[in-house]
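Below is work03.txt, holding compact mmCIF, C-alpha atoms.
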# COMPACT_ATOMS: atom_id res chain seq x y z
CA MET S 1 5.43 42.40 14.62
CA ASP S 2 7.96 41.20 12.09
CA THR S 3 8.49 43.92 9.53
CA ASN S 4 11.17 42.14 7.49
CA PHE S 5 10.50 41.01 3.95
CA SER S 6 10.53 37.28 3.63
CA ASN S 7 10.42 34.86 0.74
CA CYS S 8 11.37 37.56 -1.75
CA ILE S 9 14.30 37.89 -4.13
CA LEU S 10 16.68 40.53 -2.80
CA ALA S 11 19.26 40.44 -5.60
CA ILE S 12 20.11 38.61 -8.82
CA ILE S 13 23.72 37.87 -9.74
CA THR S 14 24.51 36.68 -13.26
CA THR S 15 27.34 36.36 -15.74
CA ASP S 16 24.96 36.27 -18.68
CA SER S 17 22.91 39.45 -19.11
CA SER S 18 20.62 37.81 -21.68
CA LYS S 19 19.17 35.53 -18.97
CA VAL S 20 17.82 38.34 -16.81
CA ALA S 21 15.42 41.15 -17.71
CA GLN S 22 15.34 44.32 -15.68
CA GLY S 23 12.52 44.22 -13.20
CA GLY S 24 11.89 45.23 -9.62
CA CYS S 25 15.03 43.61 -8.29
CA PRO S 26 18.68 44.76 -8.36
CA VAL S 27 20.77 42.80 -10.88
CA PHE S 28 24.55 42.47 -10.51
CA TYR S 29 26.63 41.44 -13.50
CA ALA S 30 29.80 39.46 -12.85
CA LEU S 31 32.66 38.92 -15.31
CA ASN S 32 33.17 35.27 -14.46
CA GLN S 33 31.91 32.56 -12.15
CA GLU S 34 34.52 33.28 -9.50
CA GLU S 35 33.40 36.89 -9.24
CA GLN S 36 29.77 35.78 -9.28
CA GLU S 37 30.34 33.51 -6.28
CA GLN S 38 32.21 36.22 -4.41
CA ILE S 39 29.48 38.83 -5.01
CA SER S 40 26.79 36.33 -4.03
CA LEU S 41 28.57 35.42 -0.81
CA LEU S 42 29.04 39.07 0.19
CA LEU S 43 25.48 40.05 -0.70
CA ALA S 44 24.04 37.08 1.18
CA ARG S 45 26.00 38.04 4.29
CA ILE S 46 25.03 41.71 4.01
CA LEU S 47 21.35 41.12 3.28
CA GLY S 48 20.92 38.15 5.59
CA GLY S 49 19.63 35.93 2.80
CA LEU S 50 20.44 32.60 1.19
CA VAL S 51 22.15 32.07 -2.15
CA HIS S 52 20.17 29.85 -4.53
CA ASP S 53 21.43 28.52 -7.83
CA LEU S 54 18.98 28.47 -10.76
CA GLU S 55 21.45 26.18 -12.61
CA ASN S 56 21.54 28.41 -15.69
CA GLY S 57 24.34 30.71 -14.54
CA VAL S 58 22.00 32.88 -12.45
CA TYR S 59 22.22 33.11 -8.67
CA ILE S 60 19.49 34.71 -6.59
CA ILE S 61 19.55 35.88 -2.99
CA VAL S 62 16.38 35.09 -1.08
CA ARG S 63 15.44 35.90 2.45
CA HIS S 64 13.31 33.15 4.00
CA MET X 65 -5.20 18.80 66.26
CA LYS X 66 -1.95 16.90 66.51
CA GLU X 67 -3.31 14.19 64.22
CA TYR X 68 -4.27 16.78 61.63
CA GLY X 69 -0.74 18.12 61.91
CA ILE X 70 0.68 14.77 60.76
CA VAL X 71 -1.93 14.45 58.00
CA ILE X 72 -1.08 17.88 56.62
CA LEU X 73 2.67 17.36 57.01
CA VAL X 74 2.66 14.08 55.07
CA GLY X 75 0.45 15.60 52.36
CA ILE X 76 2.59 18.69 51.89
CA THR X 77 5.84 16.72 51.91
CA ALA X 78 4.53 14.19 49.38
CA GLY X 79 3.18 16.91 47.05
CA PHE X 80 6.37 18.96 47.28
CA ILE X 81 8.61 15.96 46.57
CA ALA X 82 6.40 15.02 43.60
CA ARG X 83 6.77 18.53 42.14
CA TRP X 84 10.51 18.50 42.75
CA LEU X 85 11.04 15.17 41.02
CA MET X 86 8.89 16.21 38.05
CA LEU X 87 10.84 19.44 37.71
CA ARG X 88 14.07 17.50 37.36
CA ASN X 89 12.80 16.02 34.11
CA ASP X 90 12.72 19.40 32.46
CA TYR X 91 16.31 20.02 31.53
CA ARG X 92 15.66 20.29 27.79
CA HIS X 93 12.32 22.01 28.00
CA TYR X 94 13.01 24.90 30.26
CA PRO X 95 16.06 26.86 31.33
CA THR X 96 17.15 25.29 34.58
CA TYR X 97 18.12 28.51 36.26
CA PRO X 98 17.83 28.62 40.06
CA HIS X 99 15.12 31.27 39.89
CA GLY X 100 12.97 29.33 37.44
CA HIS X 101 13.30 26.32 39.72
CA LEU X 102 12.40 28.35 42.77
CA THR X 103 9.25 29.77 41.17
CA HIS X 104 7.98 26.30 40.36
CA LEU X 105 8.97 24.81 43.70
CA ALA X 106 7.15 27.64 45.49
CA LEU X 107 4.04 27.10 43.37
CA GLY X 108 4.39 23.36 43.97
CA PHE X 109 4.52 23.97 47.71
CA ILE X 110 1.33 26.03 47.57
CA ALA X 111 -0.34 23.36 45.45
CA ALA X 112 0.75 20.64 47.90
CA SER X 113 -0.58 22.69 50.83
CA LEU X 114 -3.92 23.05 49.07
CA GLY X 115 -4.18 19.33 48.51
CA ALA X 116 -2.99 18.45 52.00
CA VAL X 117 -5.48 20.60 53.93
CA ALA X 118 -8.49 19.35 51.96
CA VAL X 119 -8.86 16.12 53.95
CA PRO X 120 -8.66 17.72 57.44
CA ALA X 121 -11.13 20.37 56.21
CA ILE X 122 -13.63 17.67 55.26
CA ALA X 123 -12.94 15.67 58.45
CA LYS X 124 -13.46 18.72 60.63
CA PRO X 125 -16.10 19.14 58.95
CA ASP X 126 -15.67 22.55 57.33
CA TYR X 127 -17.23 22.37 53.87
CA VAL X 128 -16.88 26.09 53.23
CA ALA X 129 -13.12 25.69 53.45
CA VAL X 130 -13.28 22.99 50.78
CA THR X 131 -15.09 25.33 48.36
CA PHE X 132 -12.35 27.88 48.92
CA LEU X 133 -9.83 25.22 47.99
CA ALA X 134 -11.61 24.68 44.71
CA LEU X 135 -11.45 28.41 44.11
CA ALA X 136 -7.73 28.49 44.87
CA ALA X 137 -7.08 25.57 42.51
CA GLN X 138 -8.46 27.72 39.68
CA GLN X 139 -5.50 30.03 40.14
CA PHE X 140 -3.19 27.33 38.83
CA ARG X 141 -4.66 27.84 35.40
CA ASP X 142 -2.56 30.99 35.24
CA ILE X 143 0.59 28.88 35.28
CA ARG X 144 -0.05 27.91 31.69
CA ASN X 145 -0.27 31.57 30.66
CA MET X 146 2.83 32.40 32.66
CA GLU X 147 4.86 29.66 30.95
CA ARG X 148 3.53 30.54 27.52
CA GLU X 149 4.42 34.19 27.93
CA THR X 150 7.90 33.45 29.27
CA LEU X 151 8.72 31.00 26.49
CA ASN X 152 7.28 33.30 23.81
CA LYS X 153 9.49 36.13 25.05
CA LEU X 154 12.54 33.86 24.96
CA GLU X 155 11.55 32.65 21.51
CA GLU X 156 11.93 36.12 19.98
CA SER X 157 15.69 36.09 20.45
CA LYS X 158 16.31 32.52 19.38
CA ILE X 159 18.04 31.66 16.11
CA ILE X 160 16.46 28.21 15.99
CA LYS X 161 12.90 28.53 17.20
CA ARG X 162 11.14 26.10 19.49
CA GLY X 163 7.82 26.61 17.71
CA GLN X 164 4.39 27.53 19.08
CA ASP X 165 3.25 23.91 19.33
CA TYR X 166 6.17 22.95 21.54
CA ILE X 167 5.61 26.01 23.75
CA GLU X 168 1.93 25.17 24.12
CA GLY X 169 2.82 21.59 25.03
CA ILE X 170 5.34 22.69 27.67
CA ALA X 171 2.90 25.23 29.15
CA ARG X 172 0.20 22.58 29.40
CA VAL X 173 2.57 20.13 31.06
CA PHE X 174 3.57 22.71 33.67
CA GLU X 175 -0.08 23.33 34.50
CA ALA X 176 -0.91 19.63 34.67
CA ARG X 177 2.04 18.92 36.95
CA ASN X 178 0.63 21.26 39.58
CA TYR X 179 -2.68 19.40 39.48
CA LEU X 180 -0.77 16.13 39.89
CA CYS X 181 1.01 17.72 42.83
CA ILE X 182 -2.36 18.61 44.44
CA LEU X 183 -3.60 15.08 43.77
CA THR X 184 -0.51 13.49 45.36
CA ALA X 185 -0.89 15.66 48.46
CA LEU X 186 -4.61 14.88 48.65
CA VAL X 187 -4.21 11.11 48.34
CA SER X 188 -1.28 10.95 50.78
CA SER X 189 -3.03 13.06 53.41
CA ALA X 190 -6.22 11.00 53.00
CA ALA X 191 -4.25 7.77 53.44
CA THR X 192 -2.55 9.20 56.54
CA GLY X 193 -5.88 10.34 57.96
CA LEU X 194 -7.48 6.93 57.42
CA GLY X 195 -4.66 4.52 58.21
CA GLY X 196 -1.79 6.40 59.87
CA TRP X 197 1.48 7.74 58.54
CA PRO X 198 2.97 4.45 57.20
CA TRP X 199 0.02 4.20 54.82
CA GLY X 200 0.44 7.85 53.97
CA ILE X 201 4.05 7.33 52.96
CA ALA X 202 3.17 4.23 50.92
CA ALA X 203 0.42 6.17 49.13
CA ALA X 204 2.83 9.06 48.51
CA ALA X 205 5.42 6.73 46.94
CA ALA X 206 2.77 5.10 44.74
CA CYS X 207 1.42 8.50 43.64
CA ILE X 208 4.87 9.87 42.83
CA LEU X 209 5.74 6.81 40.74
CA PHE X 210 2.38 7.14 38.98
CA CYS X 211 3.02 10.85 38.26
CA LEU X 212 6.49 10.25 36.85
CA LYS X 213 5.23 7.40 34.68
CA LEU X 214 2.10 9.22 33.54
CA MET X 215 3.76 12.50 32.67
CA SER X 216 6.77 11.11 30.84
CA GLY X 217 4.77 11.02 27.58
CA SER X 218 5.84 9.18 24.46
CA CYS X 219 8.90 10.00 22.38
CA ILE X 220 9.86 9.85 18.72
CA GLY X 221 11.80 6.59 19.23
CA GLU X 222 8.52 4.83 20.08
CA ILE X 223 6.67 5.94 16.95
CA ALA X 224 9.45 6.02 14.35
CA GLU X 225 12.71 4.43 13.29
CA VAL X 226 15.67 6.78 13.11
CA VAL X 227 18.46 5.71 10.74
CA PRO X 228 21.48 7.52 9.28
CA GLY X 229 20.97 9.00 5.81
CA GLN X 230 23.49 10.05 3.20
CA VAL X 231 23.91 13.79 2.56
CA HIS X 232 24.53 14.46 -1.13
CA PHE X 233 23.79 16.95 -3.90
CA ASN X 234 21.66 16.56 -7.01
CA ASN X 235 23.07 19.53 -8.95
CA SER X 236 22.19 22.40 -6.61
CA LEU X 237 19.62 20.47 -4.55
CA LEU X 238 20.72 19.27 -1.16
CA MET X 239 19.34 15.82 -0.43
CA VAL X 240 19.31 13.30 2.40
CA ASP X 241 18.93 9.94 0.63
CA ASP X 242 15.93 10.68 -1.65
CA VAL X 243 14.46 13.57 0.35
CA VAL X 244 14.97 17.04 -1.13
CA ILE X 245 16.00 19.47 1.60
CA MET X 246 16.79 22.79 -0.13
CA ASN X 247 18.60 24.56 -2.96
CA VAL X 248 22.15 25.58 -2.07
CA GLY X 249 23.80 28.04 -4.44
CA LEU X 250 27.40 28.54 -3.41
CA PRO X 251 29.98 25.83 -4.18
CA PHE X 252 31.81 26.86 -1.00
CA THR X 253 28.72 26.11 1.11
CA ARG X 254 28.10 22.83 -0.72
CA LYS X 255 31.63 21.67 0.07
CA LYS X 256 31.20 22.55 3.74
CA ILE X 257 27.87 20.70 3.89
CA LEU X 258 29.34 17.58 2.28
CA GLU X 259 32.25 17.61 4.72
CA GLU X 260 30.41 18.38 7.94
CA GLY X 261 26.69 17.82 7.40
CA LEU X 262 24.78 15.01 9.09
CA GLY X 263 21.67 13.47 7.56
CA VAL X 264 19.09 11.29 9.24
CA ILE X 265 15.95 9.55 7.99
CA ILE X 266 13.00 9.41 10.39
CA ARG X 267 10.71 6.62 9.24
CA PRO X 268 7.24 6.49 10.88
CA LYS X 269 6.08 3.06 12.07
CA ASN X 270 2.39 3.57 11.23
CA ASP X 271 -0.14 6.10 9.89
CA ASN X 272 -0.55 7.84 13.25
CA ALA X 273 3.19 8.40 13.38
CA ARG X 274 3.22 9.64 9.79
CA LEU X 275 0.63 12.31 10.62
CA THR X 276 2.54 13.31 13.73
CA LEU X 277 5.80 13.76 11.84
CA ASP X 278 3.93 15.65 9.11
CA ALA X 279 3.27 18.58 11.44
CA PRO X 280 5.82 21.40 11.10
CA GLY X 281 5.56 22.03 14.85
CA GLN X 282 6.75 18.49 15.61
CA ARG X 283 9.68 18.87 13.23
CA MET X 284 10.65 22.19 14.84
CA ALA X 285 10.54 20.51 18.25
CA ILE X 286 12.88 17.73 17.09
CA ILE X 287 15.29 20.23 15.54
CA HIS X 288 15.21 22.41 18.64
CA ASP X 289 16.10 19.47 20.88
CA VAL X 290 18.94 18.43 18.59
CA VAL X 291 20.36 21.94 18.33
CA SER X 292 20.07 22.60 22.06
CA ILE X 293 22.35 19.61 22.70
CA LEU X 294 24.65 19.29 19.67
CA GLY X 295 24.72 22.98 18.65
CA SER X 296 24.57 24.28 15.08
CA LYS X 297 26.79 26.38 12.81
CA VAL X 298 24.04 28.87 11.96
CA ASP X 299 24.64 32.51 12.79
CA LEU X 300 22.43 35.59 12.59
CA SER X 301 23.34 36.63 9.06
CA GLU X 302 24.66 33.23 7.94
CA THR X 303 21.60 31.08 7.70
CA GLU X 304 22.79 28.75 4.93
CA LEU X 305 23.49 25.89 7.30
CA MET X 306 20.04 26.03 8.91
CA PRO X 307 18.97 22.58 10.12
CA LEU X 308 15.86 21.45 8.26
CA ALA X 309 13.47 18.50 8.25
CA ARG X 310 11.61 17.83 5.03
CA LYS X 311 9.16 15.16 3.97
CA GLN X 312 9.49 12.58 1.23
CA VAL X 313 6.09 13.42 -0.19
CA ASP X 314 5.42 10.04 -1.79
CA LYS X 315 6.48 7.81 1.08
CA GLY X 316 5.83 10.06 4.08
CA TYR X 317 9.13 9.78 5.93
CA LEU X 318 11.31 12.70 6.98
CA GLY X 319 14.83 13.64 6.03
CA LEU X 320 16.63 15.74 8.63
CA PHE X 321 19.75 17.71 7.87
CA ILE X 322 22.04 19.52 10.31
CA VAL X 323 25.55 20.92 10.45
CA ALA X 324 26.28 20.49 14.14
CA ASN X 325 29.09 21.80 16.31
CA GLU X 326 29.44 18.26 17.65
CA PRO X 327 29.00 16.04 14.58
CA ASP X 328 28.26 12.79 16.40
CA MET X 329 25.81 10.58 14.47
CA ASP X 330 25.05 8.19 17.35
CA ALA X 331 24.26 11.07 19.71
CA LEU X 332 22.11 12.71 17.02
CA ILE X 333 20.02 9.56 16.55
CA GLU X 334 19.59 9.07 20.31
CA ILE X 335 18.51 12.71 20.79
CA ILE X 336 15.93 12.45 18.02
CA LYS X 337 14.61 9.21 19.53
CA LYS X 338 14.20 10.93 22.90
CA ALA X 339 12.48 14.04 21.47
CA PRO X 340 8.94 14.29 22.84
CA VAL X 341 5.85 13.63 20.72
CA LEU X 342 3.79 16.80 21.15
CA GLU X 343 0.39 15.86 22.49
CA ASN X 344 -1.51 18.55 20.60
CA ILE X 345 -0.07 17.29 17.30
CA ARG X 346 -0.18 13.53 17.81
CA GLY X 347 -1.88 11.84 14.87
CA THR X 348 -4.93 9.71 15.68
CA THR X 349 -6.08 8.58 12.25
CA LEU X 350 -5.97 4.89 13.25
CA ASN X 351 -8.57 5.58 15.95
CA THR X 352 -11.15 6.26 13.25
CA PHE X 353 -12.89 3.65 11.12
CA TYR X 354 -12.00 5.24 7.78
CA GLY X 355 -8.47 5.90 8.94
CA ARG X 356 -7.96 2.17 9.61
CA LYS X 357 -9.70 1.27 6.37
CA ALA X 358 -7.52 3.60 4.32
CA ALA X 359 -4.38 2.29 6.01
CA ASP X 360 -4.95 -1.30 4.80
Could I get this file's structure written as structure tokens?
Amino acid sequence: MDTNFSNCILAIITTDSSKVAQGGCPVFYALNQEEQEQISLLLARILGGLVHDLENGVYIIVRH
Amino acid sequence: MKEYGIVILVGITAGFIARWLMLRNDYRHYPTYPHGHLTHLALGFIAASLGAVAVPAIAKPDYVAVTFLALAAQQFRDIRNMERETLNKLEESKIIKRGQDYIEGIARVFEARNYLCILTALVSSAATGLGGWPWGIAAAAACILFCLKLMSGSCIGEIAEVVPGQVHFNNSLLMVDDVVIMNVGLPFTRKKILEEGLGVIIRPKNDNARLTLDAPGQRMAIIHDVVSILGSKVDLSETELMPLARKQVDKGYLGLFIVANEPDMDALIEIIKKAPVLENIRGTTLNTFYGRKAAD
């Protein structure tokens, strides 16, 4: 049986803290877009998820 | 007794050759390891023997023996389970899955091929018994040709047009022509996809084909065939470049996207055209009255 989570948000990476409210998911703040991309890339590799862009400065990592 | 010897020999040889030739078609469907081959050739030999001894048993006449043959033929039903289990086990460790529908189709084909093998042996040995060995060989050749023709099945190229599509981005959405594939977040990944990604449009020729291509199992089968030949740049924890096939919901055609190790568009199109249409998925809406009426 597959015990992995799927189709859930594993992490949220943003440069703008006003766009994200604290909820059940870890949020990572980045200083600029370059750092945001770097954090997203590393987290995606570590968590085995995909980086998705919400097009408002927020990236989410989702495992499908 | 000597005559029966020739009858049985022709039957077994014809059945065995039929199984052997049908096994050679399987290079994409099944790992062609020597042991896998041997298992199926051995089962084919047993099936051919069963078919070949049926006619002498009736001619003898020994009807009890014929009922035992029917009982033995039942055992070949287990081949489907054997194939299904093997392929399901292999599936667990695959990055790009074959899909349950494809596995079921392959398992069914393996079972059916043994029945064809029995039939070939039966017909050839009957022809030998009635008309002598030249007739037996002629019947064997006809049966083998019939088996190869019958079991080849149809392929995607017969039900759909496959044309190159343009891979591009609409903001963060990856698209092949006007088909949305997925959301890609990282600019680095987007650049890689634009440089190396291949996009193809699979356009169904009629409503039956549209329903066939609609099934996720059929799409997985196409992708599996493509990846098993051209390779893909997906790794265990790097699934961003996963090959995907998505539907244009309004018009019903598919957009397929892949980042292949061998980015050859012509080869990609030919592989997709040769991918099998899975028989348990094949759309049959045009066989129904309302299906035809709606398609007008």
Exercise. Find the residues in chain X near chain S: any atom within 6 Å counts, using all atoms listed in the file. Write them as number ranges by chain.
Key: X: 247-249, 301, 304
Practice problem: Show which residues sit within 8 Å of Arg148 (chain X), as a list in words. Count only C-alpha atoms, and ignore same-chain residues fewer than 6 positions away. | Solution: Ile167, Glu168 and Ala171 of chain X
Quiz prompt | Residues within 12 Å of Glu155 (chain X), only C-alpha atoms, excluding chain neighbours under 5 positions, as number ranges by chain | solution = X: 94, 147-150, 160-164, 166-167, 288
Practice problem: Using all atoms listed in the file, determine which residues lie at most 7 Å from Gly57 (chain S), disregarding the query and same-chain residues fewer than 3 positions distant; provide the list as an NGL selection string. | Solution: :S and (14-16 or 54)
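In this structure, CA of Lys297 (chain X) sits 18.7 Å away from CA of Gly319 (chain X).
Of note, CA of Ser189 (chain X) and CA of Ile110 (chain X) are spaced 14.9 Å apart.
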Quiz prompt | Interatomic distance, CA of Leu300 (chain X) to CA of Ala285 (chain X) (Å, one decimal) | solution = 20.0 Å
Quiz item: Once you count all atoms listed in the file, which residues end up no further than 12 Å from (3.1, 8.8, 31.6) in the file's frame, shown as a list in words?
Solution: Met86, Val173, Ala176, Arg177, Leu180, Ile208, Leu209, Phe210, Cys211, Leu212, Lys213, Leu214, Met215, Ser216, Gly217, Ser218, Cys219, Pro340 and Glu343 of chain X
Quiz item: Excluding same-chain residues fewer than 5 positions from Arg356 (chain X), what lies within 12 Å of it counting all atoms listed in the file, as a ChimeraX atom specification?
Solution: /X:270-272,348-351
Would you list the contacts of Ala191 (chain X) as a short mmCIF file (atom, residue, chain, number, x, y, z; two decimals) with C-alpha atoms, in the coordinates of the input, taking every protein, DNA or RNA residue within 12 Å and counting all atoms listed in the file, but skipping same-chain residues closer than 2 positions in sequence?
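Output below, filename result.cif:
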data_model
loop_
_atom_site.label_atom_id
_atom_site.label_comp_id
_atom_site.auth_asym_id
_atom_site.auth_seq_id
_atom_site.Cartn_x
_atom_site.Cartn_y
_atom_site.Cartn_z
CA ILE X 70 0.68 14.77 60.76
CA VAL X 71 -1.93 14.45 58.00
CA ILE X 72 -1.08 17.88 56.62
CA VAL X 74 2.66 14.08 55.07
CA GLY X 75 0.45 15.60 52.36
CA ALA X 78 4.53 14.19 49.38
CA ALA X 116 -2.99 18.45 52.00
CA VAL X 119 -8.86 16.12 53.95
CA PRO X 120 -8.66 17.72 57.44
CA THR X 184 -0.51 13.49 45.36
CA ALA X 185 -0.89 15.66 48.46
CA LEU X 186 -4.61 14.88 48.65
CA VAL X 187 -4.21 11.11 48.34
CA SER X 188 -1.28 10.95 50.78
CA SER X 189 -3.03 13.06 53.41
CA GLY X 193 -5.88 10.34 57.96
CA LEU X 194 -7.48 6.93 57.42
CA GLY X 195 -4.66 4.52 58.21
CA GLY X 196 -1.79 6.40 59.87
CA TRP X 197 1.48 7.74 58.54
CA PRO X 198 2.97 4.45 57.20
CA TRP X 199 0.02 4.20 54.82
CA GLY X 200 0.44 7.85 53.97
CA ILE X 201 4.05 7.33 52.96
CA ALA X 202 3.17 4.23 50.92
CA ALA X 203 0.42 6.17 49.13
CA ALA X 204 2.83 9.06 48.51
CA ALA X 205 5.42 6.73 46.94
CA ALA X 206 2.77 5.10 44.74
CA CYS X 207 1.42 8.50 43.64
#
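Closest to Leu135 (chain X) among X:Leu114, X:Leu342, X:Leu154, X:Val240 is X:Leu114, based on only C-alpha atoms.
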Specify the axis-aligned box that encloses all atoms of region 18-25 of chain S listed in the file after padding of 8 Å on each side, stating its centre and edge lengths in Å to one decimal as AutoDock Vina command-line options.
--center_x 16.3 --center_y 40.4 --center_z -15.0 --size_x 24.7 --size_y 25.7 --size_z 29.4
